[in-house]
file target.txt (compact mmCIF, C-alpha atoms)
# COMPACT_ATOMS: atom_id res chain seq x y z
CA MET W 42 27.23 -14.72 17.80
CA ALA W 43 26.84 -15.86 14.21
CA LEU W 44 26.26 -12.53 12.46
CA ALA W 45 27.87 -11.91 9.07
CA LEU W 46 28.66 -8.32 10.05
CA ASP W 47 32.12 -8.17 11.62
CA ALA W 48 32.42 -7.43 15.34
CA ALA W 49 34.04 -4.02 14.84
CA ALA W 50 31.12 -2.89 12.68
CA GLN W 51 28.63 -4.27 15.23
CA ASP W 52 30.35 -2.23 17.92
CA LEU W 53 30.55 0.90 15.76
CA LEU W 54 26.86 0.86 14.84
CA PHE W 55 25.11 -0.68 17.86
CA ARG W 56 27.08 -2.15 20.76
CA GLU W 57 29.47 0.68 21.63
CA ALA W 58 27.60 3.50 19.88
CA ARG W 59 25.68 5.67 22.32
CA THR W 60 23.48 8.74 22.26
CA ALA W 61 25.92 11.60 22.86
CA ASN W 62 25.15 14.65 24.97
CA THR W 63 28.55 16.38 24.67
CA PHE W 64 30.83 16.83 21.68
CA THR W 65 34.36 17.95 20.88
CA ASP W 66 34.94 21.11 18.79
CA GLU W 67 35.92 19.05 15.73
CA PRO W 68 33.78 20.27 12.81
CA VAL W 69 31.40 18.02 10.88
CA THR W 70 31.69 18.79 7.18
CA ASP W 71 29.12 18.81 4.41
CA GLU W 72 31.22 16.12 2.73
CA GLN W 73 30.69 13.83 5.74
CA ILE W 74 26.94 14.37 5.56
CA GLN W 75 27.00 13.67 1.84
CA ASP W 76 28.88 10.41 2.47
CA ILE W 77 26.28 9.46 5.08
CA TYR W 78 23.42 10.27 2.71
CA ASP W 79 25.04 8.35 -0.15
CA LEU W 80 25.07 5.27 2.10
CA VAL W 81 21.70 5.44 3.84
CA LYS W 82 19.70 6.60 0.83
CA TYR W 83 19.60 2.92 -0.15
CA GLY W 84 17.64 1.88 2.94
CA PRO W 85 14.30 0.39 1.91
CA THR W 86 10.96 2.25 2.08
CA SER W 87 7.48 1.34 0.83
CA MET W 88 7.45 1.80 -2.96
CA ASN W 89 10.73 3.74 -2.58
CA VAL W 90 8.85 6.80 -1.28
CA THR W 91 11.92 8.12 0.64
CA PRO W 92 10.09 11.09 2.23
CA LEU W 93 12.86 12.18 4.63
CA ARG W 94 14.39 15.64 4.24
CA VAL W 95 17.31 17.08 6.22
CA VAL W 96 18.09 20.66 7.26
CA LEU W 97 21.66 21.16 8.50
CA VAL W 98 21.74 23.92 11.09
CA ARG W 99 25.15 25.59 10.74
CA THR W 100 25.01 29.35 11.22
CA PRO W 101 24.86 30.85 14.73
CA GLU W 102 21.64 32.61 13.74
CA ALA W 103 19.93 29.40 12.63
CA ARG W 104 21.15 27.56 15.70
CA GLU W 105 19.69 30.24 17.95
CA ARG W 106 16.34 29.99 16.13
CA LEU W 107 16.33 26.23 16.70
CA VAL W 108 17.51 26.13 20.31
CA GLY W 109 14.70 28.43 21.43
CA HIS W 110 12.15 25.78 20.48
CA LEU W 111 13.87 22.82 22.19
CA GLY W 112 13.00 21.41 25.58
CA ASP W 113 15.09 22.86 28.39
CA GLY W 114 17.21 19.72 28.73
CA ASN W 115 18.14 19.86 25.03
CA LYS W 116 19.09 23.54 24.72
CA ALA W 117 22.66 23.74 26.04
CA LYS W 118 23.95 20.58 24.36
CA THR W 119 22.48 21.62 21.01
CA ALA W 120 23.91 25.14 21.30
CA ALA W 121 27.35 23.55 21.80
CA ALA W 122 27.17 20.77 19.16
CA PRO W 123 29.33 21.06 16.01
CA LEU W 124 26.35 20.40 13.75
CA THR W 125 22.63 19.77 14.23
CA ALA W 126 20.28 18.22 11.69
CA ILE W 127 16.52 18.74 11.59
CA LEU W 128 15.00 15.54 10.16
CA ALA W 129 11.58 16.11 8.61
CA ILE W 130 9.03 14.57 6.32
CA ASP W 131 8.19 16.31 3.05
CA THR W 132 4.46 15.60 3.10
CA GLU W 133 4.34 16.19 -0.68
CA PHE W 134 6.80 13.34 -1.26
CA HIS W 135 4.41 11.59 -3.63
CA GLU W 136 5.12 14.22 -6.31
CA HIS W 137 8.52 12.51 -6.79
CA LEU W 138 7.07 9.05 -7.36
CA PRO W 139 7.14 9.26 -11.19
CA THR W 140 10.93 9.51 -10.74
CA LEU W 141 11.34 7.23 -7.71
CA PHE W 142 9.05 4.38 -8.82
CA PRO W 143 8.93 4.76 -12.61
CA HIS W 144 7.72 1.24 -13.44
CA PHE W 145 4.36 1.85 -11.66
CA PRO W 146 2.85 5.09 -13.04
CA ALA W 147 -0.19 4.86 -10.73
CA ALA W 148 2.01 5.26 -7.65
CA ARG W 149 1.62 9.02 -7.36
CA ASP W 150 -2.16 8.87 -7.36
CA MET W 151 -2.20 5.91 -5.00
CA TRP W 152 -0.34 8.02 -2.41
CA ALA W 153 -2.31 11.21 -3.07
CA PRO W 154 -5.07 10.82 -0.42
CA GLU W 155 -3.83 12.53 2.73
CA ASP W 156 -5.39 10.05 5.15
CA PHE W 157 -3.17 7.37 3.59
CA ARG W 158 -0.18 9.51 2.63
CA ILE W 159 0.52 11.21 5.96
CA PRO W 160 0.54 8.21 8.34
CA HIS W 161 2.25 5.81 5.92
CA GLY W 162 4.66 8.52 4.75
CA THR W 163 5.51 9.33 8.36
CA PHE W 164 6.19 5.64 9.04
CA ASN W 165 8.57 5.51 6.08
CA ALA W 166 10.29 8.76 7.03
CA ALA W 167 10.80 7.29 10.52
CA LEU W 168 12.48 4.23 8.99
CA GLN W 169 14.80 6.68 7.24
CA VAL W 170 15.50 8.50 10.53
CA GLY W 171 16.66 5.14 11.87
CA TYR W 172 18.90 4.59 8.84
CA PHE W 173 20.28 8.14 9.18
CA ILE W 174 21.25 7.58 12.83
CA ILE W 175 23.03 4.36 11.78
CA GLY W 176 24.72 6.33 8.99
CA ILE W 177 26.04 8.97 11.41
CA ARG W 178 27.61 6.16 13.42
CA ALA W 179 28.96 4.57 10.22
CA ALA W 180 30.83 7.84 9.64
CA GLY W 181 32.61 7.44 12.97
CA LEU W 182 30.51 10.18 14.53
CA ALA W 183 28.13 10.16 17.46
CA ALA W 184 24.45 11.00 17.08
CA GLY W 185 22.40 12.77 19.71
CA PRO W 186 18.81 12.29 18.53
CA MET W 187 16.12 14.30 20.35
CA THR W 188 12.33 14.40 20.24
CA GLY W 189 11.83 16.93 23.05
CA TYR W 190 10.86 20.20 21.33
CA ASP W 191 7.92 22.34 20.19
CA ALA W 192 7.26 20.70 16.82
CA ASP W 193 4.75 23.28 15.63
CA ALA W 194 7.19 26.10 16.41
CA ILE W 195 10.06 24.37 14.56
CA ASN W 196 7.80 23.73 11.58
CA LYS W 197 6.83 27.41 11.43
CA GLU W 198 10.39 28.61 11.97
CA PHE W 199 12.12 26.40 9.39
CA PHE W 200 9.35 25.18 7.04
CA GLY W 201 7.29 28.18 6.05
CA ASP W 202 5.69 26.22 3.22
CA GLY W 203 3.57 24.21 5.66
CA LYS W 204 4.52 21.02 3.81
CA HIS W 205 7.32 19.75 6.05
CA ARG W 206 6.99 18.35 9.57
CA VAL W 207 9.90 17.79 11.94
CA LEU W 208 10.32 14.18 13.14
CA ALA W 209 13.59 14.40 15.09
CA VAL W 210 16.46 16.78 15.77
CA VAL W 211 19.91 15.19 15.87
CA ASN W 212 23.18 16.61 17.18
CA ILE W 213 26.21 15.26 15.31
CA GLY W 214 29.89 15.24 16.22
CA LYS W 215 32.75 13.46 17.92
CA PRO W 216 31.75 12.57 21.49
CA GLY W 217 33.17 14.89 24.15
CA ALA W 218 33.85 14.48 27.87
CA ASP W 219 31.28 12.40 29.77
CA ALA W 220 29.29 12.17 26.54
CA TRP W 221 26.67 9.71 27.71
CA PHE W 222 24.74 8.27 30.61
CA PRO W 223 25.10 4.60 31.63
CA ARG W 224 23.23 2.35 29.21
CA SER W 225 19.62 1.75 30.25
CA PRO W 226 18.28 -1.84 30.34
CA ARG W 227 16.72 -3.51 27.31
CA LEU W 228 13.82 -5.96 27.27
CA ALA W 229 14.75 -9.65 27.17
CA TYR W 230 14.32 -11.53 23.89
CA GLU W 231 11.40 -13.47 25.38
CA GLN W 232 9.60 -10.21 26.18
CA VAL W 233 9.85 -9.00 22.61
CA VAL W 234 9.78 -12.03 20.30
CA THR W 235 7.13 -14.75 20.21
CA THR W 236 6.68 -17.61 17.72
CA VAL W 237 3.46 -18.96 16.24
CA MET M 59 34.18 7.93 0.75
CA ALA M 60 35.45 8.69 4.21
CA LEU M 61 33.17 6.52 6.35
CA ALA M 62 34.60 4.69 9.35
CA LEU M 63 32.48 1.62 8.52
CA ASP M 64 34.45 -0.72 6.27
CA ALA M 65 33.36 -1.12 2.66
CA ALA M 66 32.27 -4.76 3.07
CA ALA M 67 29.92 -3.76 5.90
CA GLN M 68 28.57 -0.84 3.84
CA ASP M 69 27.80 -3.27 1.03
CA LEU M 70 26.26 -5.85 3.36
CA LEU M 71 23.92 -3.37 5.05
CA PHE M 72 23.10 -0.81 2.36
CA ARG M 73 24.85 -0.84 -1.03
CA GLU M 74 24.40 -4.44 -2.15
CA ALA M 75 21.56 -5.36 0.20
CA ARG M 76 18.21 -5.41 -1.56
CA THR M 77 14.59 -6.14 -0.76
CA ALA M 78 14.20 -9.82 -1.63
CA ASN M 79 11.12 -11.34 -3.26
CA THR M 80 12.37 -14.92 -3.54
CA PHE M 81 14.31 -17.07 -1.06
CA THR M 82 16.16 -20.36 -0.95
CA ASP M 83 14.86 -23.23 1.22
CA GLU M 84 17.60 -22.68 3.81
CA PRO M 85 15.91 -22.34 7.22
CA VAL M 86 16.21 -19.26 9.40
CA THR M 87 16.69 -20.35 13.02
CA ASP M 88 15.45 -18.83 16.27
CA GLU M 89 19.12 -18.46 17.19
CA GLN M 90 19.68 -16.18 14.19
CA ILE M 91 16.72 -14.02 15.22
CA GLN M 92 18.04 -13.88 18.77
CA ASP M 93 21.45 -12.74 17.47
CA ILE M 94 19.71 -10.05 15.41
CA TYR M 95 17.69 -8.89 18.40
CA ASP M 96 20.74 -8.86 20.67
CA LEU M 97 22.38 -6.45 18.21
CA VAL M 98 19.56 -4.11 17.25
CA LYS M 99 18.01 -3.84 20.71
CA TYR M 100 20.66 -1.19 21.37
CA GLY M 101 19.35 1.17 18.69
CA PRO M 102 18.25 4.44 20.31
CA THR M 103 14.62 5.39 21.01
CA SER M 104 13.06 8.32 22.89
CA MET M 105 13.56 7.67 26.61
CA ASN M 106 14.43 4.06 25.72
CA VAL M 107 10.75 3.25 25.13
CA THR M 108 11.58 0.35 22.69
CA PRO M 109 7.94 -0.40 21.82
CA LEU M 110 8.61 -2.89 18.98
CA ARG M 111 7.39 -6.46 19.33
CA VAL M 112 8.01 -9.35 16.89
CA VAL M 113 5.89 -12.37 16.02
CA LEU M 114 7.77 -15.07 14.10
CA VAL M 115 5.38 -16.91 11.78
CA ARG M 116 6.70 -20.48 11.54
CA THR M 117 3.92 -23.07 11.42
CA PRO M 118 2.04 -23.74 8.17
CA GLU M 119 -1.21 -22.90 9.97
CA ALA M 120 0.03 -19.51 11.16
CA ARG M 121 1.49 -18.74 7.74
CA GLU M 122 -1.85 -19.47 6.10
CA ARG M 123 -3.62 -17.17 8.56
CA LEU M 124 -1.18 -14.39 7.69
CA VAL M 125 -1.06 -14.82 3.92
CA GLY M 126 -4.83 -14.46 3.63
CA HIS M 127 -4.59 -10.87 4.89
CA LEU M 128 -1.74 -9.77 2.59
CA GLY M 129 -2.10 -7.84 -0.64
CA ASP M 130 -2.25 -10.09 -3.69
CA GLY M 131 1.32 -9.24 -4.75
CA ASN M 132 2.64 -10.29 -1.34
CA LYS M 133 0.86 -13.64 -0.92
CA ALA M 134 2.94 -16.12 -2.96
CA LYS M 135 6.34 -14.86 -1.88
CA THR M 136 5.32 -14.90 1.78
CA ALA M 137 3.87 -18.40 1.49
CA ALA M 138 7.25 -19.55 0.16
CA ALA M 139 9.60 -17.62 2.51
CA PRO M 140 11.57 -19.62 5.13
CA LEU M 141 10.43 -17.25 7.91
CA THR M 142 8.16 -14.23 8.18
CA ALA M 143 8.12 -11.71 11.03
CA ILE M 144 5.18 -9.53 11.98
CA LEU M 145 6.60 -6.30 13.43
CA ALA M 146 4.17 -4.52 15.70
CA ILE M 147 3.94 -1.86 18.37
CA ASP M 148 2.86 -2.81 21.87
CA THR M 149 0.75 0.25 22.57
CA GLU M 150 1.07 -0.43 26.31
CA PHE M 151 4.85 -0.11 26.10
CA HIS M 152 4.89 2.59 28.78
CA GLU M 153 4.16 -0.02 31.45
CA HIS M 154 7.79 -1.16 31.05
CA LEU M 155 9.28 2.31 31.62
CA PRO M 156 10.01 1.77 35.33
CA THR M 157 12.40 -0.96 34.12
CA LEU M 158 13.58 0.67 30.89
CA PHE M 159 14.17 4.21 32.19
CA PRO M 160 14.64 3.69 35.93
CA HIS M 161 16.39 6.99 36.71
CA PHE M 162 13.24 8.99 35.78
CA PRO M 163 10.28 7.57 37.72
CA ALA M 164 7.81 9.99 36.10
CA ALA M 165 8.42 8.47 32.64
CA ARG M 166 5.51 6.04 32.78
CA ASP M 167 2.97 8.74 33.58
CA MET M 168 4.46 11.13 31.04
CA TRP M 169 3.75 8.54 28.31
CA ALA M 170 0.34 7.52 29.66
CA PRO M 171 -1.88 9.92 27.65
CA GLU M 172 -2.86 8.12 24.44
CA ASP M 173 -2.78 11.19 22.22
CA PHE M 174 0.94 11.46 23.02
CA ARG M 175 1.78 7.80 23.50
CA ILE M 176 0.38 6.37 20.27
CA PRO M 177 1.94 8.73 17.68
CA HIS M 178 5.28 9.09 19.45
CA GLY M 179 5.36 5.39 20.31
CA THR M 180 4.63 4.53 16.69
CA PHE M 181 7.48 6.79 15.55
CA ASN M 182 9.86 5.01 17.92
CA ALA M 183 8.64 1.56 16.90
CA ALA M 184 9.25 2.58 13.27
CA LEU M 185 12.84 3.51 14.14
CA GLN M 186 13.17 0.00 15.54
CA VAL M 187 11.69 -1.51 12.36
CA GLY M 188 14.52 0.24 10.51
CA TYR M 189 17.10 -1.15 12.93
CA PHE M 190 15.56 -4.64 12.61
CA ILE M 191 15.85 -4.58 8.81
CA ILE M 192 19.50 -3.56 9.15
CA GLY M 193 19.95 -6.39 11.67
CA ILE M 194 18.53 -8.99 9.27
CA ARG M 195 21.11 -7.86 6.74
CA ALA M 196 23.84 -7.90 9.41
CA ALA M 197 23.02 -11.61 9.87
CA GLY M 198 23.83 -12.24 6.21
CA LEU M 199 20.16 -12.65 5.37
CA ALA M 200 17.88 -10.76 3.02
CA ALA M 201 14.82 -8.87 4.26
CA GLY M 202 11.62 -8.53 2.29
CA PRO M 203 9.68 -5.83 4.17
CA MET M 204 6.06 -5.30 3.15
CA THR M 205 3.36 -2.79 4.09
CA GLY M 206 0.68 -4.04 1.69
CA TYR M 207 -1.86 -5.89 3.85
CA ASP M 208 -5.12 -5.53 5.77
CA ALA M 209 -3.74 -4.18 9.04
CA ASP M 210 -7.01 -4.43 10.97
CA ALA M 211 -7.40 -8.06 9.93
CA ILE M 212 -3.83 -8.95 10.96
CA ASN M 213 -4.33 -7.19 14.29
CA LYS M 214 -7.49 -9.20 14.97
CA GLU M 215 -5.93 -12.46 13.77
CA PHE M 216 -2.66 -12.27 15.73
CA PHE M 217 -3.27 -9.70 18.48
CA GLY M 218 -6.53 -10.54 20.14
CA ASP M 219 -5.71 -8.28 23.08
CA GLY M 220 -6.32 -5.15 20.99
CA LYS M 221 -3.08 -3.65 22.33
CA HIS M 222 -0.74 -4.46 19.43
CA ARG M 223 -0.76 -2.92 15.95
CA VAL M 224 1.14 -4.29 12.98
CA LEU M 225 3.63 -1.85 11.41
CA ALA M 226 5.35 -4.08 8.83
CA VAL M 227 5.58 -7.71 7.76
CA VAL M 228 9.04 -8.92 6.78
CA ASN M 229 10.08 -12.06 4.94
CA ILE M 230 13.51 -13.32 5.98
CA GLY M 231 15.91 -15.74 4.29
CA LYS M 232 18.74 -16.25 1.87
CA PRO M 233 17.90 -14.63 -1.47
CA GLY M 234 16.75 -17.06 -4.15
CA ALA M 235 16.68 -16.89 -7.95
CA ASP M 236 15.90 -13.47 -9.44
CA ALA M 237 15.37 -12.23 -5.89
CA TRP M 238 14.97 -8.54 -6.68
CA PHE M 239 14.00 -5.92 -9.20
CA PRO M 240 16.54 -3.44 -10.60
CA ARG M 241 17.29 -0.72 -8.02
CA SER M 242 14.95 2.26 -8.30
CA PRO M 243 16.45 5.79 -8.42
CA ARG M 244 17.16 7.80 -5.28
CA LEU M 245 16.81 11.55 -4.83
CA ALA M 246 20.00 13.58 -5.25
CA TYR M 247 21.70 14.96 -2.13
CA GLU M 248 20.66 18.49 -3.12
CA GLN M 249 17.00 17.43 -3.24
CA VAL M 250 17.13 16.07 0.30
CA VAL M 251 19.65 18.11 2.29
CA THR M 252 19.67 21.91 2.72
CA THR M 253 21.85 24.05 4.99
CA VAL M 254 20.85 27.10 7.02
call {"tool": "encode", "arguments": {"input": "target.txt", "output": "structure tokens"}}
result
Amino acid sequence: MALALDAAAQDLLFREARTANTFTDEPVTDEQIQDIYDLVKYGPTSMNVTPLRVVLVRTPEARERLVGHLGDGNKAKTAAAPLTAILAIDTEFHEHLPTLFPHFPAARDMWAPEDFRIPHGTFNAALQVGYFIIGIRAAGLAAGPMTGYDADAINKEFFGDGKHRVLAVVNIGKPGADAWFPRSPRLAYEQVVTTV
Amino acid sequence: MALALDAAAQDLLFREARTANTFTDEPVTDEQIQDIYDLVKYGPTSMNVTPLRVVLVRTPEARERLVGHLGDGNKAKTAAAPLTAILAIDTEFHEHLPTLFPHFPAARDMWAPEDFRIPHGTFNAALQVGYFIIGIRAAGLAAGPMTGYDADAINKEFFGDGKHRVLAVVNIGKPGADAWFPRSPRLAYEQVVTTV
């Protein structure tokens, strides 16, 4: 293994990190989330569009509103997690491009057409979901990302402006007892990578 | 900064890593790509669907076929890069679910309907694109991800089966002279993260 990244970091981010389904009671602070953001905000996106937005679900009332829209298998673990983040795309992300990509003033108008903006923006927001999961692990925390929920209901419940769309919901905390299932198999290199 | 990940690893993966536009002549080997895959294959996806596939463009002939379909600003740097990877979704990824998610035999049929499989599969493949970019950096290499190309033309040129769709094209190598532009601004934490 000839990677430049040290083995402990490889383990922390990928090899020993696992999707957690139980958590301890140890709180996750806003400062930890800020540290995570201040790391993963540098992950690359097309023309620096960075369309991901994050809603931290902290209060019991907000948690109850969220849990009601999750799939049955995701309800109990989310109700018990120290912190849950709703990861969403701001579909009006192109309005920030004069700030985010200042050397190319035409960027905002290039991204304005919805049939281009929504699919390519969603792809870039998904890249940022990946970076955010890595960032949670970089903070020494476990992530429990979920995609089993009623997306339309979450969008109505938390994004009344109609401009945001949920992409993933992620429980965050220190892993608890029996936090994960055995690791499922991965495809072999030869099944994934070809050379031409 | 209270992250568990050490500062050198933070720099390698996020803080000092940059999207490279020039590269040295140093080759990138298949062994390096295998090491990257063997790390990032563990990144989480919904029900372990792992739909990302990678085509390494090595021969001059294949490189020429690719470069012709790139946006003008991406042609010269790709022609000169030591290695270029086409990252694509295998839209028939659900056929592997009996292997990838063996404890839930209904998984394959759950993902069979295209109106569910394609958008949610594309989201998961995009997560894996994010992990792959992080993996390139973990190998001590620079990534130059691009989304400016004729996707339909690349799909026809490299994926005659009609089942694969390009999601990103990534140059890979050691950064060369003047490899990157100054870093563009990022949104402030308060613009991205809210609490409820």
call {"tool": "interface_residues", "arguments": {"input": "target.txt", "of": "chain W", "to": "chain M", "cutoff": "7 Å", "atoms": "only C-alpha atoms", "output": "JSON, numbers by chain"}}
result
{"W": [42, 44, 45, 46, 50, 55, 56, 75, 76, 78, 80, 81, 82, 83, 84, 87, 94, 95, 96, 97, 98, 99, 100, 103, 141, 142, 164, 167, 168, 170, 171, 172, 179, 180, 181, 188, 225, 226, 227, 230, 233, 234, 235, 236, 237]}
call {"tool": "residues_around", "arguments": {"input": "target.txt", "residues": "segment 79-81 of chain M", "least_positions_apart": "3", "cutoff": "9 Å", "atoms": "all atoms listed in the file", "output": "list in words"}}
result
Glu84, Asn132, Lys135, Thr136, Ala138, Ala139, Pro140, Ala200, Ala201, Gly202, Asn229, Ile230, Gly231, Lys232, Pro233, Gly234, Ala235, Asp236, Ala237, Trp238 and Phe239 of chain M
call {"tool": "atom_distance", "arguments": {"input": "target.txt", "atom1": "atom CA of Ala120 of chain W", "atom2": "atom CA of Asp202 of chain W"}}
result
25.7 Å
call {"tool": "closest_residue", "arguments": {"input": "target.txt", "among": "M:Gly179, M:Pro163, M:Pro240, M:Gly218", "to": "Ala78 of chain M", "atoms": "all atoms listed in the file"}}
result
M:Pro240
call {"tool": "atom_distance", "arguments": {"input": "target.txt", "atom1": "atom CA of Ala134 of chain M", "atom2": "atom CA of Asp83 of chain M"}}
result
14.5 Å
call {"tool": "atom_distance", "arguments": {"input": "target.txt", "atom1": "atom CA of Glu215 of chain M", "atom2": "atom CA of Ala146 of chain M"}}
result
13.0 Å
call {"tool": "residues_around", "arguments": {"input": "target.txt", "residues": "Ala170 of chain M", "least_positions_apart": "2", "cutoff": "12 Å", "atoms": "only C-alpha atoms", "output": "number ranges by chain"}}
result
M: 149-155, 164-168, 172-176, 178-179
call {"tool": "axis_aligned_box", "arguments": {"input": "target.txt", "around": "segment 179-198 of chain W", "padding_each_side": "4 Å", "output": "AutoDock Vina command-line options"}}
result
--center_x 18.7 --center_y 16.6 --center_z 16.3 --size_x 35.9 --size_y 32.0 --size_z 21.4
call {"tool": "build_atoms", "arguments": {"input": "target.txt", "residues": "segment 198-214 of chain W", "atoms": "N, CA, C and O atoms", "output": "tab-separated table (two decimals), in the frame of the given file"}}
result
chain	number	residue	atom	x	y	z
W	198	GLU	N	9.12	27.88	12.04
W	198	GLU	CA	10.39	28.61	11.97
W	198	GLU	C	11.21	28.19	10.75
W	198	GLU	O	11.83	29.03	10.10
W	199	PHE	N	11.21	26.90	10.43
W	199	PHE	CA	12.12	26.40	9.39
W	199	PHE	C	11.39	25.95	8.12
W	199	PHE	O	12.03	25.79	7.08
W	200	PHE	N	10.09	25.72	8.19
W	200	PHE	CA	9.35	25.18	7.04
W	200	PHE	C	8.13	26.06	6.79
W	200	PHE	O	6.99	25.67	7.06
W	201	GLY	N	8.38	27.23	6.26
W	201	GLY	CA	7.29	28.18	6.05
W	201	GLY	C	6.27	27.71	5.04
W	201	GLY	O	5.16	28.26	4.97
W	202	ASP	N	6.62	26.68	4.26
W	202	ASP	CA	5.69	26.22	3.22
W	202	ASP	C	4.54	25.39	3.79
W	202	ASP	O	3.59	25.08	3.06
W	203	GLY	N	4.63	25.02	5.05
W	203	GLY	CA	3.57	24.21	5.66
W	203	GLY	C	3.56	22.77	5.20
W	203	GLY	O	2.68	22.00	5.58
W	204	LYS	N	4.52	22.38	4.38
W	204	LYS	CA	4.52	21.02	3.81
W	204	LYS	C	5.47	20.06	4.51
W	204	LYS	O	5.48	18.87	4.22
W	205	HIS	N	6.34	20.59	5.37
W	205	HIS	CA	7.32	19.75	6.05
W	205	HIS	C	6.98	19.68	7.54
W	205	HIS	O	6.50	20.66	8.12
W	206	ARG	N	7.24	18.53	8.14
W	206	ARG	CA	6.99	18.35	9.57
W	206	ARG	C	8.20	17.70	10.21
W	206	ARG	O	8.65	16.63	9.77
W	207	VAL	N	8.73	18.33	11.25
W	207	VAL	CA	9.90	17.79	11.94
W	207	VAL	C	9.54	16.45	12.60
W	207	VAL	O	8.46	16.28	13.17
W	208	LEU	N	10.48	15.48	12.50
W	208	LEU	CA	10.32	14.18	13.14
W	208	LEU	C	11.35	13.93	14.23
W	208	LEU	O	11.11	13.16	15.17
W	209	ALA	N	12.53	14.54	14.08
W	209	ALA	CA	13.59	14.40	15.09
W	209	ALA	C	14.61	15.49	14.84
W	209	ALA	O	14.72	16.01	13.72
W	210	VAL	N	15.33	15.85	15.88
W	210	VAL	CA	16.46	16.78	15.77
W	210	VAL	C	17.68	16.02	16.30
W	210	VAL	O	17.59	15.39	17.36
W	211	VAL	N	18.78	16.05	15.54
W	211	VAL	CA	19.91	15.19	15.87
W	211	VAL	C	21.20	16.00	15.93
W	211	VAL	O	21.61	16.59	14.91
W	212	ASN	N	21.83	16.04	17.09
W	212	ASN	CA	23.18	16.61	17.18
W	212	ASN	C	24.18	15.60	16.63
W	212	ASN	O	24.01	14.39	16.80
W	213	ILE	N	25.24	16.12	15.99
W	213	ILE	CA	26.21	15.26	15.31
W	213	ILE	C	27.60	15.76	15.61
W	213	ILE	O	27.88	16.96	15.47
W	214	GLY	N	28.50	14.85	16.00
W	214	GLY	CA	29.89	15.24	16.22
W	214	GLY	C	30.68	14.12	16.86
W	214	GLY	O	30.17	13.01	17.05
